[in-house]
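Working notes, structure below.
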Amino acid sequence: MPRPDEQLYWTPIEWRCGSFPRPDEETEYADMNWLVERLESLVQMTTEADYTPMQRALHPAHILVTLQGSDGQWPAQINMVTGEALTPTRTSLPVRLFRMLRERLSSSEFSVAIAHAESLVEGNGVQNGDGPP
Amino acid sequence: MQNSDLLQHMQAKSQDKPLSRRDFVQVLTTAVTAGPGLIAAGLAGLSLTSSQRAEAAEAVVAAIGKLPRRPFNTRLKHMHITPMCICQDWNPELVGPGLALGINFVHKAGYYNQLPPELAKLPRESYYTDITVDTTSPGHNPDDFDSAYNQVVQSLQNNGLKYYDIYRAHFGWHDPASFHKGTSYKVFQRLKREGKVRHFGVSQHPYTPYPDMIPIEVDADILEAMQVWFSYNTPQPIQNAFAGASKNGIGMTAMKVFTNGHQPMSQNPQLMSQLNASGKVGKACIKYVLDTKRPDGMPIFQTCVSALGNLQVFEENISGATLGNKLAMESVQEPAQA
């Protein structure tokens, strides 16, 4: 879980996963669990007066939509420079973030990605946006 | 009490409990004296109620005035639009102020499950919309005709918009082969016959490098609108590709203007000063993009999208799209005949 005082660094815009949060200025890969938790914490920081934390999470969320595989899932670890998978392990964790954004934005923006995951990963815990056991 | 001392005092006071009417009027009056583009900045750090924020937004809007409107390039010259669009993911509190500024294009309107009340009460023909149709995203099937068609039909049933002005293939085509299959265009043609959409466009992400992809899309001669990643420091070959599309008469919208531009822009104070945006990175980013010209001297982009999350960002970024750019004075040239 993110610490309240945790500082986030951001990947270069030229990367496939540009403007993604990372724990330091050197890390080039993303653990999907770590990434989704940080993006969710940004959404949770959003207030009626200030949507900017959630909007900071929206760009990575948009890119995550484009990284969804034909199996409806994502790599559990990705190379943020290239967007390539660093492990054969798959996860549906971004769905949890998408559901949160769908609710906060009252938007159907992530509905296609959510439906894609749900239709293909039924019974694998995608109901909660969790990865396979 | 000096203005800065007053605001500092009110910032601390507002954290304990909402400012009284008297205190709020005092601090708003002080902030307004700073002039257009600096009102919300003067209120930064204050914890305001929603009604106080609304009143502050009215002051910001009154100071900025109406945004100019101009033809959305030659292929869409009947659509006179503002240099910035409202986006579905804006802070909802900013939709009303955006409309009050005269903004008349709503990007990603297809994602509304329900229209904001400020938009719902307007005559449908008084503003333009696009829907971003998501079937061209990698991992999805760009040839899924039914999915694309149903996304548009279902969204219109949900939000009551009656039609979209622009059908945008989102996130664009992964490669030329998927573009040439033409499924999105066939969906568009059916929806157009049914009166549900009017023009065909794309929100193209750079899967295939833009200099390789954009000319292919332009040459197909079916696109009337393009939304692409463009910001300060975008490499020249990419800018050239966009200039070519713009010269072809395609309505051009810039996105990722701040996301991709703010870091390099913040390191160029001289440019920010030239843009009359010292200390205002958002304003500088927007102004830079809208000012960037084609070789023939016309702007590449007629409009842009920007994520606006609070009143300070609203004021700063929209200030980059105001008449100070003399955008309203530029006419639109017809593309040269082949």
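Labeling convention for the structure tokens: chains A, B, ... as they appear, residues from 1 per chain, ligands from 1 in order of appearance.
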
Inset, instruction - Can you list, as a ChimeraX atom specification, all residues belonging to chain A that DSSP tags as helix (DSSP H, G or I)? - result: /A:32-44,52-66,94-105,111-120,126-128

Residues of the last selection are to be written out with C-alpha atoms, as a PDB file, in the first residue's frame.
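Output below, filename out02.pdb:
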ATOM      1  CA  MET A  32       1.240  -3.985 -12.050  1.00  0.00           C
ATOM      2  CA  ASN A  33       0.235  -4.357  -8.406  1.00  0.00           C
ATOM      3  CA  TRP A  34       2.444  -1.424  -7.377  1.00  0.00           C
ATOM      4  CA  LEU A  35       1.318   0.669 -10.342  1.00  0.00           C
ATOM      5  CA  VAL A  36      -2.404   0.133  -9.891  1.00  0.00           C
ATOM      6  CA  GLU A  37      -2.211   0.902  -6.162  1.00  0.00           C
ATOM      7  CA  ARG A  38      -0.449   4.217  -6.860  1.00  0.00           C
ATOM      8  CA  LEU A  39      -2.913   5.215  -9.532  1.00  0.00           C
ATOM      9  CA  GLU A  40      -5.812   4.312  -7.254  1.00  0.00           C
ATOM     10  CA  SER A  41      -4.327   6.409  -4.471  1.00  0.00           C
ATOM     11  CA  LEU A  42      -4.274   9.395  -6.847  1.00  0.00           C
ATOM     12  CA  VAL A  43      -7.939   8.862  -7.628  1.00  0.00           C
ATOM     13  CA  GLN A  44      -8.723   8.668  -3.932  1.00  0.00           C
ATOM     14  CA  THR A  52      -6.043  17.034 -10.828  1.00  0.00           C
ATOM     15  CA  PRO A  53      -4.838  13.952  -8.881  1.00  0.00           C
ATOM     16  CA  MET A  54      -7.319  11.759 -10.756  1.00  0.00           C
ATOM     17  CA  GLN A  55      -6.408  13.388 -14.052  1.00  0.00           C
ATOM     18  CA  ARG A  56      -2.769  12.556 -13.300  1.00  0.00           C
ATOM     19  CA  ALA A  57      -3.879   8.929 -13.197  1.00  0.00           C
ATOM     20  CA  LEU A  58      -5.993   9.181 -16.343  1.00  0.00           C
ATOM     21  CA  HIS A  59      -3.148   9.259 -18.848  1.00  0.00           C
ATOM     22  CA  PRO A  60      -1.576   6.042 -17.473  1.00  0.00           C
ATOM     23  CA  ALA A  61      -5.053   4.535 -17.362  1.00  0.00           C
ATOM     24  CA  HIS A  62      -5.573   5.416 -21.027  1.00  0.00           C
ATOM     25  CA  ILE A  63      -2.280   3.762 -21.905  1.00  0.00           C
ATOM     26  CA  LEU A  64      -3.165   0.710 -19.822  1.00  0.00           C
ATOM     27  CA  VAL A  65      -6.317   0.336 -21.919  1.00  0.00           C
ATOM     28  CA  THR A  66      -4.144   0.095 -25.015  1.00  0.00           C
ATOM     29  CA  PRO A  94      -6.145  -2.642 -13.953  1.00  0.00           C
ATOM     30  CA  VAL A  95      -9.854  -3.518 -14.111  1.00  0.00           C
ATOM     31  CA  ARG A  96     -10.146  -2.490 -10.467  1.00  0.00           C
ATOM     32  CA  LEU A  97      -8.685   0.919 -11.311  1.00  0.00           C
ATOM     33  CA  PHE A  98     -10.962   1.240 -14.338  1.00  0.00           C
ATOM     34  CA  ARG A  99     -14.028   0.509 -12.230  1.00  0.00           C
ATOM     35  CA  MET A 100     -12.952   3.178  -9.750  1.00  0.00           C
ATOM     36  CA  LEU A 101     -12.502   5.709 -12.549  1.00  0.00           C
ATOM     37  CA  ARG A 102     -15.810   4.723 -14.089  1.00  0.00           C
ATOM     38  CA  GLU A 103     -17.566   5.478 -10.855  1.00  0.00           C
ATOM     39  CA  ARG A 104     -15.733   8.728 -10.060  1.00  0.00           C
ATOM     40  CA  LEU A 105     -16.145  10.105 -13.588  1.00  0.00           C
ATOM     41  CA  SER A 111     -16.484   0.093 -20.030  1.00  0.00           C
ATOM     42  CA  VAL A 112     -15.140  -1.535 -23.187  1.00  0.00           C
ATOM     43  CA  ALA A 113     -11.910  -2.577 -21.449  1.00  0.00           C
ATOM     44  CA  ILE A 114     -13.813  -3.800 -18.386  1.00  0.00           C
ATOM     45  CA  ALA A 115     -16.290  -5.753 -20.480  1.00  0.00           C
ATOM     46  CA  HIS A 116     -13.446  -7.218 -22.540  1.00  0.00           C
ATOM     47  CA  ALA A 117     -11.771  -8.485 -19.363  1.00  0.00           C
ATOM     48  CA  GLU A 118     -14.990  -9.783 -17.847  1.00  0.00           C
ATOM     49  CA  SER A 119     -16.018 -11.670 -20.950  1.00  0.00           C
ATOM     50  CA  LEU A 120     -12.674 -13.414 -21.309  1.00  0.00           C
ATOM     51  CA  VAL A 126     -11.895 -10.421 -12.334  1.00  0.00           C
ATOM     52  CA  GLN A 127     -15.051  -9.540 -10.442  1.00  0.00           C
ATOM     53  CA  ASN A 128     -12.783  -7.770  -7.995  1.00  0.00           C
TER      54      ASN A 128
END

Inset, instruction - Please identify which residues in stretch 37-105 of chain A DSSP calls strand (DSSP E or B) from the backbone, and express them as a VMD selection string. - result: chain A and resid 74 to 75 77 to 79 85 90 to 91

Inset, instruction - Report as a PyMOL selection string the set of chain A residues whose atoms approach chain B to within 8 Å, with distances computed over only C-alpha atoms. - result: chain A and resi 13+19+48-52+55+65-72+105-109+112

Inset, instruction - Find the residues near A:Thr91: any atom within 6 Å, counting only C-alpha atoms, skip ones fewer than 2 places away on the same chain, and give them as a PyMOL selection string. - result: chain A and resi 73-74+76+93+131

Restricting the output to N, CA and C atoms, write the selected residues as a tab-separated table (two decimals), in the first residue's frame.
chain	number	residue	atom	x	y	z
A	73	GLN	N	-6.37	-9.45	-20.33
A	73	GLN	CA	-5.52	-9.20	-19.18
A	73	GLN	C	-4.27	-8.42	-19.55
A	74	TRP	N	-3.45	-8.19	-18.55
A	74	TRP	CA	-2.23	-7.43	-18.71
A	74	TRP	C	-1.03	-8.22	-18.16
A	76	ALA	N	1.85	-9.00	-15.64
A	76	ALA	CA	2.00	-8.64	-14.23
A	76	ALA	C	3.19	-7.71	-14.03
A	93	LEU	N	-5.66	-6.79	-12.67
A	93	LEU	CA	-5.71	-5.69	-11.69
A	93	LEU	C	-6.13	-4.34	-12.27
A	131	GLY	N	-6.05	-10.51	-9.99
A	131	GLY	CA	-5.43	-11.40	-10.96
A	131	GLY	C	-5.79	-12.84	-10.66
